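J.: Pasting in a structure now, in structure tokens, and then I'll have a few things to ask.
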Amino acid sequence: MSRLDTVGDTLVLAPGDRRWPAWLDLLQGLSGLLLVLFMWAHLFAVSSILLGKPAMYRVTRFFEGSLFFDTPQPWLVSLVALFIFVIFVLHTLLALRKLPSGYRQWRAWLVHMGGMRHEETSLWLVQVITGLVLMFFATAHLLELFLHPSNIGPHASAARIASGGWVLGLVLLLSVEVHAGIGLYRLIVKWGWFGLVDTAARRRRLRRFVYALVAFFLLLGVTTQMAYLRIGKESAVRDGLRYVPPGSAQIVPPLSDEAPLRISQTGEEVKR
Ligand code: HEM
């Protein structure tokens, strides 16, 4: 069957082809939803430091396969980082296709937005800006973890954040939480999930709920970074010593590429 039909004098796509944009939209929404859920789970995992170093250490070991392997397997972290990156790139490409192209289209859109003064239309611009920031900052973060998966832990993460990583962390936190919150709201509105936007009052309530959720994750993120910064000032971290839970005796690689460390039975870290 021909892929093109004519309506009057105009050539148009055949009906089958017209479904593509809807499928791509659905794929964009689902990949976004997956990233939002990953992001929130990830922030809870990172914030385990608020419960103490042993808690964060256990979470790190879990992601290194402690359920199945006796020794840490950091490549598992690289694998997850790669998977998330693929979803992230897919989501970005699907979103980029909907951006206005060129100066004229952008100007028309901005004039339209200014004239309407409609909160949800303005939210779309916030999505574009935070999405662009994420393209660079999330890629940098994922690349770092992909290449150095064993450099995650109570001391390793604190050392990274205290040596300037907090700048990347804060920008990433702000843009990702705002982007995730607005994205989720727009997804629910677009597909009309659970009747949450059936009336104007329900829609307003949903918006307030999403704003509260964003505020919660921002607060959790900032508190977490402050905890890492505090740990980053400890002399053991500044000396480049890895965290080892009390009671374990093992040889562990240091934070930098120096000689390995010897860890005493009481959990004391001995630099060699
Ligand atoms: C497998 C993938 C990922 C892993 C293993 C991971 C791991 C980590 C770790 C260990 C930290 C603590 C700081 C550090 O060690 O540098 C952190 C912080 C952070 N990550 Fe990720 N991350 C991943 C993916 C992502 C993605 C895709 C995003 C966002 C697009 C993201 C956003 C953040 C943010 C915002 C922080 C700062 C958290 C805070 O403010 O408390 N991460 N991540």
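Residue numbers start at 1 in each chain; chains themselves are named A, B, ... in the order of the structure tokens; ligands are numbered from 1 in the order shown.
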I need the helix (DSSP H, G or I) residues of region 19-201 of chain A per DSSP on the backbone, written as a tab-separated table (two decimals) with N, CA and C atoms, in the first residue's frame.

T.:
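Below you can see states-v2.tsv, which holds the result:
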chain	number	residue	atom	x	y	z
A	20	TRP	N	2.84	6.74	14.23
A	20	TRP	CA	4.21	6.78	14.73
A	20	TRP	C	4.45	7.83	15.81
A	21	PRO	N	4.01	9.08	15.58
A	21	PRO	CA	4.26	10.09	16.61
A	21	PRO	C	3.70	9.69	17.97
A	22	ALA	N	2.54	9.03	17.97
A	22	ALA	CA	1.94	8.62	19.25
A	22	ALA	C	2.80	7.53	19.92
A	23	TRP	N	3.30	6.56	19.10
A	23	TRP	CA	4.16	5.52	19.67
A	23	TRP	C	5.44	6.12	20.23
A	24	LEU	N	6.01	7.06	19.47
A	24	LEU	CA	7.26	7.70	19.94
A	24	LEU	C	7.01	8.48	21.23
A	25	ASP	N	5.82	9.12	21.30
A	25	ASP	CA	5.46	9.87	22.50
A	25	ASP	C	5.34	8.93	23.71
A	26	LEU	N	4.73	7.77	23.46
A	26	LEU	CA	4.55	6.80	24.53
A	26	LEU	C	5.92	6.30	25.02
A	27	LEU	N	6.80	6.04	24.04
A	27	LEU	CA	8.15	5.56	24.37
A	27	LEU	C	8.90	6.63	25.16
A	28	GLN	N	8.71	7.88	24.78
A	28	GLN	CA	9.38	8.96	25.51
A	28	GLN	C	8.86	9.01	26.95
A	29	GLY	N	7.53	8.88	27.09
A	29	GLY	CA	6.93	8.91	28.43
A	29	GLY	C	7.41	7.75	29.29
A	30	LEU	N	7.45	6.55	28.70
A	30	LEU	CA	7.84	5.37	29.50
A	30	LEU	C	9.32	5.43	29.89
A	31	SER	N	10.16	5.88	28.94
A	31	SER	CA	11.59	5.99	29.29
A	31	SER	C	11.77	7.05	30.37
A	32	GLY	N	10.99	8.13	30.29
A	32	GLY	CA	11.06	9.18	31.31
A	32	GLY	C	10.62	8.64	32.67
A	33	LEU	N	9.54	7.86	32.66
A	33	LEU	CA	9.03	7.30	33.92
A	33	LEU	C	10.08	6.39	34.57
A	34	LEU	N	10.73	5.58	33.73
A	34	LEU	CA	11.77	4.68	34.23
A	34	LEU	C	12.90	5.50	34.87
A	35	LEU	N	13.28	6.60	34.21
A	35	LEU	CA	14.36	7.44	34.74
A	35	LEU	C	13.94	8.11	36.05
A	36	VAL	N	12.67	8.54	36.14
A	36	VAL	CA	12.19	9.18	37.38
A	36	VAL	C	12.27	8.17	38.53
A	37	LEU	N	11.78	6.95	38.28
A	37	LEU	CA	11.78	5.94	39.34
A	37	LEU	C	13.22	5.59	39.75
A	38	PHE	N	14.10	5.47	38.73
A	38	PHE	CA	15.51	5.19	39.02
A	38	PHE	C	16.08	6.31	39.89
A	39	MET	N	15.79	7.57	39.49
A	39	MET	CA	16.35	8.74	40.17
A	39	MET	C	15.96	8.77	41.65
A	40	TRP	N	14.68	8.52	41.92
A	40	TRP	CA	14.24	8.56	43.31
A	40	TRP	C	14.86	7.42	44.12
A	41	ALA	N	14.90	6.22	43.53
A	41	ALA	CA	15.51	5.08	44.24
A	41	ALA	C	16.99	5.39	44.48
A	42	HIS	N	17.65	5.97	43.47
A	42	HIS	CA	19.07	6.29	43.54
A	42	HIS	C	19.34	7.32	44.65
A	43	LEU	N	18.43	8.30	44.79
A	43	LEU	CA	18.66	9.33	45.82
A	43	LEU	C	18.51	8.72	47.22
A	44	PHE	N	17.56	7.79	47.37
A	44	PHE	CA	17.44	7.12	48.67
A	44	PHE	C	18.71	6.31	48.96
A	45	ALA	N	19.25	5.65	47.92
A	45	ALA	CA	20.46	4.85	48.11
A	45	ALA	C	21.64	5.76	48.51
A	46	VAL	N	21.79	6.88	47.78
A	46	VAL	CA	22.91	7.80	48.07
A	46	VAL	C	22.75	8.41	49.47
A	47	SER	N	21.48	8.67	49.87
A	47	SER	CA	21.25	9.33	51.16
A	47	SER	C	21.37	8.36	52.33
A	48	SER	N	21.69	7.09	52.05
A	48	SER	CA	21.88	6.14	53.16
A	48	SER	C	23.02	6.62	54.07
A	49	ILE	N	23.84	7.54	53.57
A	49	ILE	CA	24.94	8.08	54.38
A	49	ILE	C	24.39	8.80	55.62
A	50	LEU	N	23.13	9.28	55.52
A	50	LEU	CA	22.51	9.96	56.67
A	50	LEU	C	22.30	9.00	57.84
A	51	LEU	N	22.29	7.70	57.54
A	51	LEU	CA	22.13	6.69	58.59
A	51	LEU	C	23.48	6.24	59.12
A	53	LYS	N	28.02	5.70	58.11
A	53	LYS	CA	28.91	5.10	57.11
A	53	LYS	C	28.63	3.61	56.87
A	54	PRO	N	28.38	2.83	57.95
A	54	PRO	CA	28.13	1.40	57.70
A	54	PRO	C	26.92	1.18	56.79
A	55	ALA	N	25.88	2.00	56.93
A	55	ALA	CA	24.68	1.85	56.09
A	55	ALA	C	25.02	2.10	54.63
A	56	MET	N	25.76	3.19	54.37
A	56	MET	CA	26.11	3.51	52.98
A	56	MET	C	27.04	2.44	52.42
A	57	TYR	N	27.92	1.93	53.27
A	57	TYR	CA	28.84	0.87	52.82
A	57	TYR	C	28.06	-0.37	52.38
A	58	ARG	N	27.03	-0.74	53.20
A	58	ARG	CA	26.23	-1.93	52.86
A	58	ARG	C	25.49	-1.72	51.54
A	59	VAL	N	24.96	-0.50	51.32
A	59	VAL	CA	24.24	-0.20	50.07
A	59	VAL	C	25.21	-0.32	48.89
A	60	THR	N	26.42	0.24	49.05
A	60	THR	CA	27.43	0.17	47.98
A	60	THR	C	27.76	-1.28	47.65
A	61	ARG	N	27.96	-2.07	48.71
A	61	ARG	CA	28.29	-3.49	48.50
A	61	ARG	C	27.14	-4.23	47.81
A	62	PHE	N	25.91	-3.83	48.15
A	62	PHE	CA	24.75	-4.46	47.52
A	62	PHE	C	24.81	-4.26	46.00
A	63	PHE	N	25.11	-3.01	45.57
A	63	PHE	CA	25.17	-2.74	44.13
A	63	PHE	C	26.39	-3.38	43.47
A	75	TRP	N	32.14	-3.93	38.23
A	75	TRP	CA	31.67	-3.89	36.84
A	75	TRP	C	30.15	-3.91	36.78
A	76	LEU	N	29.50	-4.44	37.86
A	76	LEU	CA	28.04	-4.43	37.88
A	76	LEU	C	27.52	-2.99	37.89
A	77	VAL	N	28.24	-2.12	38.61
A	77	VAL	CA	27.87	-0.70	38.66
A	77	VAL	C	28.02	-0.08	37.27
A	78	SER	N	29.14	-0.43	36.59
A	78	SER	CA	29.35	0.09	35.23
A	78	SER	C	28.23	-0.37	34.30
A	79	LEU	N	27.79	-1.61	34.50
A	79	LEU	CA	26.72	-2.15	33.64
A	79	LEU	C	25.42	-1.35	33.84
A	80	VAL	N	25.09	-1.08	35.10
A	80	VAL	CA	23.87	-0.31	35.39
A	80	VAL	C	24.01	1.11	34.81
A	81	ALA	N	25.21	1.70	34.98
A	81	ALA	CA	25.45	3.06	34.46
A	81	ALA	C	25.26	3.07	32.94
A	82	LEU	N	25.73	2.02	32.27
A	82	LEU	CA	25.59	1.94	30.81
A	82	LEU	C	24.11	1.82	30.41
A	83	PHE	N	23.39	0.97	31.13
A	83	PHE	CA	21.97	0.78	30.85
A	83	PHE	C	21.21	2.10	31.02
A	84	ILE	N	21.47	2.79	32.14
A	84	ILE	CA	20.78	4.06	32.40
A	84	ILE	C	21.15	5.07	31.31
A	85	PHE	N	22.42	5.03	30.87
A	85	PHE	CA	22.85	5.99	29.84
A	85	PHE	C	22.09	5.74	28.53
A	86	VAL	N	21.90	4.46	28.18
A	86	VAL	CA	21.17	4.14	26.94
A	86	VAL	C	19.73	4.67	27.02
A	87	ILE	N	19.07	4.45	28.16
A	87	ILE	CA	17.69	4.95	28.35
A	87	ILE	C	17.68	6.48	28.28
A	88	PHE	N	18.70	7.07	28.91
A	88	PHE	CA	18.82	8.53	28.96
A	88	PHE	C	18.97	9.11	27.54
A	89	VAL	N	19.83	8.48	26.72
A	89	VAL	CA	20.04	8.96	25.35
A	89	VAL	C	18.76	8.80	24.53
A	90	LEU	N	18.10	7.66	24.69
A	90	LEU	CA	16.84	7.41	23.97
A	90	LEU	C	15.81	8.49	24.34
A	91	HIS	N	15.68	8.73	25.63
A	91	HIS	CA	14.72	9.73	26.12
A	91	HIS	C	15.05	11.13	25.56
A	92	THR	N	16.35	11.46	25.55
A	92	THR	CA	16.78	12.77	25.06
A	92	THR	C	16.47	12.92	23.57
A	93	LEU	N	16.81	11.88	22.78
A	93	LEU	CA	16.58	11.97	21.33
A	93	LEU	C	15.09	12.12	21.04
A	94	LEU	N	14.27	11.37	21.77
A	94	LEU	CA	12.82	11.46	21.54
A	94	LEU	C	12.29	12.85	21.91
A	95	ALA	N	12.91	13.47	22.92
A	95	ALA	CA	12.46	14.80	23.33
A	95	ALA	C	12.93	15.87	22.35
A	96	LEU	N	14.18	15.69	21.86
A	96	LEU	CA	14.77	16.71	20.97
A	96	LEU	C	13.94	16.90	19.69
A	102	GLY	N	15.14	26.42	14.95
A	102	GLY	CA	15.46	27.71	14.37
A	102	GLY	C	14.86	28.88	15.14
A	103	TYR	N	15.42	30.05	14.82
A	103	TYR	CA	15.07	31.29	15.52
A	103	TYR	C	13.58	31.63	15.39
A	104	ARG	N	13.04	31.51	14.16
A	104	ARG	CA	11.65	31.91	13.92
A	104	ARG	C	10.66	31.11	14.76
A	105	GLN	N	10.87	29.78	14.79
A	105	GLN	CA	9.95	28.92	15.55
A	105	GLN	C	10.05	29.21	17.05
A	106	TRP	N	11.29	29.43	17.52
A	106	TRP	CA	11.48	29.72	18.94
A	106	TRP	C	10.79	31.03	19.31
A	107	ARG	N	10.99	32.05	18.44
A	107	ARG	CA	10.41	33.36	18.75
A	107	ARG	C	8.89	33.25	18.79
A	108	ALA	N	8.31	32.55	17.80
A	108	ALA	CA	6.86	32.39	17.76
A	108	ALA	C	6.37	31.70	19.04
A	109	TRP	N	7.13	30.69	19.46
A	109	TRP	CA	6.71	29.94	20.66
A	109	TRP	C	6.79	30.83	21.91
A	110	LEU	N	7.90	31.59	22.02
A	110	LEU	CA	8.08	32.43	23.21
A	110	LEU	C	7.02	33.54	23.28
A	111	VAL	N	6.68	34.12	22.11
A	111	VAL	CA	5.64	35.16	22.07
A	111	VAL	C	4.30	34.54	22.51
A	112	HIS	N	4.04	33.35	22.00
A	112	HIS	CA	2.83	32.62	22.35
A	112	HIS	C	2.77	32.38	23.86
A	113	MET	N	3.90	31.94	24.41
A	113	MET	CA	3.93	31.64	25.85
A	113	MET	C	3.72	32.91	26.68
A	114	GLY	N	4.41	33.99	26.26
A	114	GLY	CA	4.28	35.25	26.99
A	114	GLY	C	2.84	35.75	26.98
A	115	GLY	N	2.17	35.61	25.83
A	115	GLY	CA	0.80	36.08	25.70
A	115	GLY	C	-0.16	35.26	26.54
A	116	MET	N	0.08	33.96	26.61
A	116	MET	CA	-0.89	33.10	27.30
A	116	MET	C	-0.79	33.21	28.82
A	119	GLU	N	0.51	28.67	33.29
A	119	GLU	CA	1.56	28.02	34.10
A	119	GLU	C	2.12	26.76	33.43
A	120	GLU	N	1.23	25.95	32.87
A	120	GLU	CA	1.71	24.66	32.35
A	120	GLU	C	2.50	24.81	31.05
A	121	THR	N	2.20	25.88	30.29
A	121	THR	CA	2.98	26.13	29.08
A	121	THR	C	4.39	26.59	29.50
A	122	SER	N	4.45	27.40	30.55
A	122	SER	CA	5.75	27.87	31.03
A	122	SER	C	6.56	26.70	31.59
A	123	LEU	N	5.87	25.73	32.20
A	123	LEU	CA	6.58	24.56	32.74
A	123	LEU	C	7.33	23.83	31.64
A	124	TRP	N	6.78	23.87	30.42
A	124	TRP	CA	7.44	23.18	29.31
A	124	TRP	C	8.81	23.79	29.04
A	125	LEU	N	8.90	25.13	29.17
A	125	LEU	CA	10.20	25.80	28.96
A	125	LEU	C	11.19	25.38	30.04
A	126	VAL	N	10.69	25.26	31.28
A	126	VAL	CA	11.56	24.80	32.37
A	126	VAL	C	12.09	23.39	32.04
A	127	GLN	N	11.22	22.55	31.46
A	127	GLN	CA	11.65	21.20	31.08
A	127	GLN	C	12.77	21.25	30.05
A	128	VAL	N	12.63	22.14	29.07
A	128	VAL	CA	13.66	22.25	28.02
A	128	VAL	C	14.99	22.67	28.63
A	129	ILE	N	14.95	23.69	29.51
A	129	ILE	CA	16.21	24.22	30.07
A	129	ILE	C	16.87	23.17	30.98
A	130	THR	N	16.08	22.57	31.89
A	130	THR	CA	16.68	21.56	32.79
A	130	THR	C	17.14	20.34	31.99
A	131	GLY	N	16.42	20.00	30.93
A	131	GLY	CA	16.81	18.86	30.09
A	131	GLY	C	18.16	19.12	29.43
A	132	LEU	N	18.37	20.35	28.95
A	132	LEU	CA	19.64	20.68	28.31
A	132	LEU	C	20.80	20.61	29.31
A	133	VAL	N	20.54	21.12	30.52
A	133	VAL	CA	21.58	21.05	31.57
A	133	VAL	C	21.93	19.58	31.85
A	134	LEU	N	20.88	18.74	31.92
A	134	LEU	CA	21.10	17.33	32.23
A	134	LEU	C	21.92	16.62	31.16
A	135	MET	N	21.71	17.04	29.90
A	135	MET	CA	22.45	16.40	28.81
A	135	MET	C	23.95	16.40	29.09
A	136	PHE	N	24.44	17.50	29.65
A	136	PHE	CA	25.88	17.61	29.91
A	136	PHE	C	26.24	17.04	31.29
A	137	PHE	N	25.51	17.48	32.32
A	137	PHE	CA	25.90	17.12	33.69
A	137	PHE	C	25.65	15.65	34.00
A	138	ALA	N	24.51	15.10	33.53
A	138	ALA	CA	24.22	13.69	33.81
A	138	ALA	C	25.21	12.81	33.05
A	139	THR	N	25.57	13.24	31.83
A	139	THR	CA	26.55	12.46	31.05
A	139	THR	C	27.89	12.42	31.79
A	140	ALA	N	28.31	13.58	32.33
A	140	ALA	CA	29.59	13.64	33.06
A	140	ALA	C	29.54	12.71	34.29
A	141	HIS	N	28.43	12.76	35.02
A	141	HIS	CA	28.28	11.95	36.23
A	141	HIS	C	28.32	10.45	35.88
A	142	LEU	N	27.56	10.08	34.85
A	142	LEU	CA	27.50	8.67	34.46
A	142	LEU	C	28.85	8.17	33.94
A	143	LEU	N	29.55	9.03	33.20
A	143	LEU	CA	30.85	8.64	32.66
A	143	LEU	C	31.84	8.38	33.80
A	144	GLU	N	31.82	9.27	34.79
A	144	GLU	CA	32.71	9.13	35.95
A	144	GLU	C	32.46	7.78	36.65
A	145	LEU	N	31.18	7.45	36.86
A	145	LEU	CA	30.87	6.21	37.57
A	145	LEU	C	31.11	4.98	36.72
A	146	PHE	N	30.92	5.14	35.40
A	146	PHE	CA	31.16	4.02	34.48
A	146	PHE	C	32.65	3.68	34.47
A	147	LEU	N	33.50	4.73	34.45
A	147	LEU	CA	34.94	4.51	34.34
A	147	LEU	C	35.58	4.13	35.68
A	154	PRO	N	31.52	5.37	51.43
A	154	PRO	CA	31.43	6.48	52.39
A	154	PRO	C	32.60	7.47	52.27
A	155	HIS	N	33.82	6.95	52.09
A	155	HIS	CA	34.97	7.85	51.99
A	155	HIS	C	35.20	8.30	50.55
A	156	ALA	N	35.09	7.35	49.60
A	156	ALA	CA	35.38	7.68	48.20
A	156	ALA	C	34.40	8.76	47.69
A	157	SER	N	33.11	8.60	48.01
A	157	SER	CA	32.11	9.57	47.55
A	157	SER	C	32.32	10.91	48.26
A	158	ALA	N	32.61	10.84	49.58
A	158	ALA	CA	32.83	12.08	50.34
A	158	ALA	C	34.04	12.83	49.78
A	159	ALA	N	35.10	12.09	49.43
A	159	ALA	CA	36.31	12.73	48.89
A	159	ALA	C	35.97	13.44	47.58
A	160	ARG	N	35.16	12.78	46.74
A	160	ARG	CA	34.81	13.38	45.44
A	160	ARG	C	33.99	14.65	45.65
A	161	ILE	N	33.00	14.57	46.54
A	161	ILE	CA	32.12	15.73	46.76
A	161	ILE	C	32.90	16.88	47.39
A	162	ALA	N	33.77	16.53	48.38
A	162	ALA	CA	34.52	17.60	49.08
A	162	ALA	C	35.56	18.23	48.17
A	163	SER	N	36.02	17.51	47.15
A	163	SER	CA	37.06	18.12	46.29
A	163	SER	C	36.43	18.79	45.06
A	164	GLY	N	35.23	19.34	45.25
A	164	GLY	CA	34.62	20.15	44.18
A	164	GLY	C	33.43	19.47	43.50
A	165	GLY	N	33.25	18.16	43.77
A	165	GLY	CA	32.15	17.44	43.13
A	165	GLY	C	30.78	17.97	43.55
A	166	TRP	N	30.73	18.73	44.65
A	166	TRP	CA	29.44	19.25	45.12
A	166	TRP	C	28.83	20.21	44.10
A	167	VAL	N	29.68	20.88	43.29
A	167	VAL	CA	29.14	21.82	42.30
A	167	VAL	C	28.32	21.04	41.26
A	168	LEU	N	28.94	19.98	40.71
A	168	LEU	CA	28.24	19.11	39.77
A	168	LEU	C	27.00	18.52	40.45
A	169	GLY	N	27.18	18.08	41.71
A	169	GLY	CA	26.09	17.44	42.45
A	169	GLY	C	24.89	18.36	42.62
A	170	LEU	N	25.16	19.63	42.99
A	170	LEU	CA	24.07	20.57	43.24
A	170	LEU	C	23.31	20.93	41.96
A	171	VAL	N	24.08	21.21	40.89
A	171	VAL	CA	23.44	21.55	39.61
A	171	VAL	C	22.61	20.37	39.12
A	172	LEU	N	23.21	19.18	39.26
A	172	LEU	CA	22.54	17.94	38.82
A	172	LEU	C	21.26	17.73	39.64
A	173	LEU	N	21.40	17.92	40.95
A	173	LEU	CA	20.26	17.69	41.85
A	173	LEU	C	19.10	18.62	41.47
A	174	LEU	N	19.40	19.90	41.35
A	174	LEU	CA	18.35	20.89	41.06
A	174	LEU	C	17.67	20.57	39.73
A	175	SER	N	18.49	20.35	38.70
A	175	SER	CA	17.89	20.15	37.38
A	175	SER	C	17.16	18.81	37.29
A	176	VAL	N	17.72	17.76	37.89
A	176	VAL	CA	17.08	16.45	37.71
A	176	VAL	C	15.77	16.36	38.51
A	177	GLU	N	15.75	16.94	39.72
A	177	GLU	CA	14.52	16.83	40.53
A	177	GLU	C	13.40	17.66	39.93
A	178	VAL	N	13.73	18.87	39.46
A	178	VAL	CA	12.70	19.72	38.83
A	178	VAL	C	12.20	19.04	37.55
A	179	HIS	N	13.15	18.55	36.75
A	179	HIS	CA	12.80	17.90	35.48
A	179	HIS	C	11.93	16.65	35.72
A	180	ALA	N	12.31	15.86	36.73
A	180	ALA	CA	11.57	14.63	37.02
A	180	ALA	C	10.16	14.96	37.51
A	181	GLY	N	10.04	15.95	38.38
A	181	GLY	CA	8.73	16.32	38.94
A	181	GLY	C	7.78	16.83	37.86
A	182	ILE	N	8.27	17.79	37.08
A	182	ILE	CA	7.41	18.36	36.02
A	182	ILE	C	7.09	17.29	34.98
A	183	GLY	N	8.10	16.47	34.66
A	183	GLY	CA	7.90	15.41	33.66
A	183	GLY	C	6.80	14.46	34.10
A	184	LEU	N	6.84	14.07	35.36
A	184	LEU	CA	5.82	13.13	35.87
A	184	LEU	C	4.43	13.78	35.81
A	185	TYR	N	4.36	15.03	36.20
A	185	TYR	CA	3.08	15.75	36.17
A	185	TYR	C	2.52	15.80	34.74
A	186	ARG	N	3.39	16.16	33.80
A	186	ARG	CA	2.93	16.29	32.41
A	186	ARG	C	2.51	14.93	31.83
A	187	LEU	N	3.19	13.89	32.28
A	187	LEU	CA	2.86	12.53	31.82
A	187	LEU	C	1.45	12.15	32.29
A	188	ILE	N	1.18	12.44	33.56
A	188	ILE	CA	-0.14	12.10	34.13
A	188	ILE	C	-1.23	12.91	33.41
A	189	VAL	N	-0.92	14.20	33.14
A	189	VAL	CA	-1.90	15.04	32.45
A	189	VAL	C	-2.14	14.52	31.03
A	190	LYS	N	-1.03	14.20	30.33
A	190	LYS	CA	-1.16	13.80	28.92
A	190	LYS	C	-1.98	12.53	28.74
A	191	TRP	N	-1.72	11.52	29.61
A	191	TRP	CA	-2.40	10.23	29.45
A	191	TRP	C	-3.61	10.09	30.37
A	193	TRP	N	-3.94	9.64	33.61
A	193	TRP	CA	-3.87	8.48	34.51
A	193	TRP	C	-4.70	8.66	35.77
A	194	PHE	N	-5.36	7.57	36.18
A	194	PHE	CA	-6.09	7.45	37.46
A	194	PHE	C	-7.11	8.56	37.70
A	195	GLY	N	-7.54	9.24	36.65
A	195	GLY	CA	-8.53	10.32	36.82
A	195	GLY	C	-8.00	11.47	37.65
A	200	ALA	N	-10.56	20.66	37.33
A	200	ALA	CA	-9.52	21.69	37.55
A	200	ALA	C	-8.98	21.59	38.97
A	201	ALA	N	-9.88	21.29	39.94
A	201	ALA	CA	-9.44	21.22	41.34
A	201	ALA	C	-8.47	20.05	41.54

J.: Hey, which of A:Pro149, A:Gly240, A:Gly192, A:Pro246 ends up closest to ligand 1? Count only C-alpha atoms and all ligand atoms.

T.: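 Comparing A:Pro149, A:Gly240, A:Gly192, A:Pro246 against ligand 1, the winner is A:Pro149.
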
J.: Taking the chain letters and numbering used in this document, name the residues of region 22-271 of chain A that DSSP puts in strand (DSSP E), as a list of chain:residue names.

T.: A:Ile251, A:Val252, A:Leu261, A:Arg262, A:Ile263, A:Glu269, A:Val270

J.: Only N, CA and C atoms, please: the residues just picked out, written as a short mmCIF file (atom, residue, chain, number, x, y, z; two decimals), in the first residue's frame.

T.:
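What follows is the written file out-v1.cif:
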data_model
loop_
_atom_site.label_atom_id
_atom_site.label_comp_id
_atom_site.auth_asym_id
_atom_site.auth_seq_id
_atom_site.Cartn_x
_atom_site.Cartn_y
_atom_site.Cartn_z
N ILE A 251 42.92 -6.30 52.86
CA ILE A 251 43.75 -5.34 52.12
C ILE A 251 42.83 -4.66 51.12
N VAL A 252 42.77 -3.34 51.14
CA VAL A 252 41.91 -2.65 50.19
C VAL A 252 42.72 -1.62 49.41
N LEU A 261 46.24 -0.57 51.12
CA LEU A 261 46.21 -0.29 52.55
C LEU A 261 46.07 -1.59 53.31
N ARG A 262 46.56 -1.59 54.54
CA ARG A 262 46.30 -2.75 55.39
C ARG A 262 45.28 -2.30 56.43
N ILE A 263 44.26 -3.11 56.64
CA ILE A 263 43.21 -2.75 57.58
C ILE A 263 43.29 -3.67 58.78
N GLU A 269 42.38 2.02 59.83
CA GLU A 269 42.96 2.00 58.50
C GLU A 269 44.43 2.37 58.60
N VAL A 270 45.29 1.54 58.09
CA VAL A 270 46.73 1.77 58.20
C VAL A 270 47.28 2.07 56.82
#
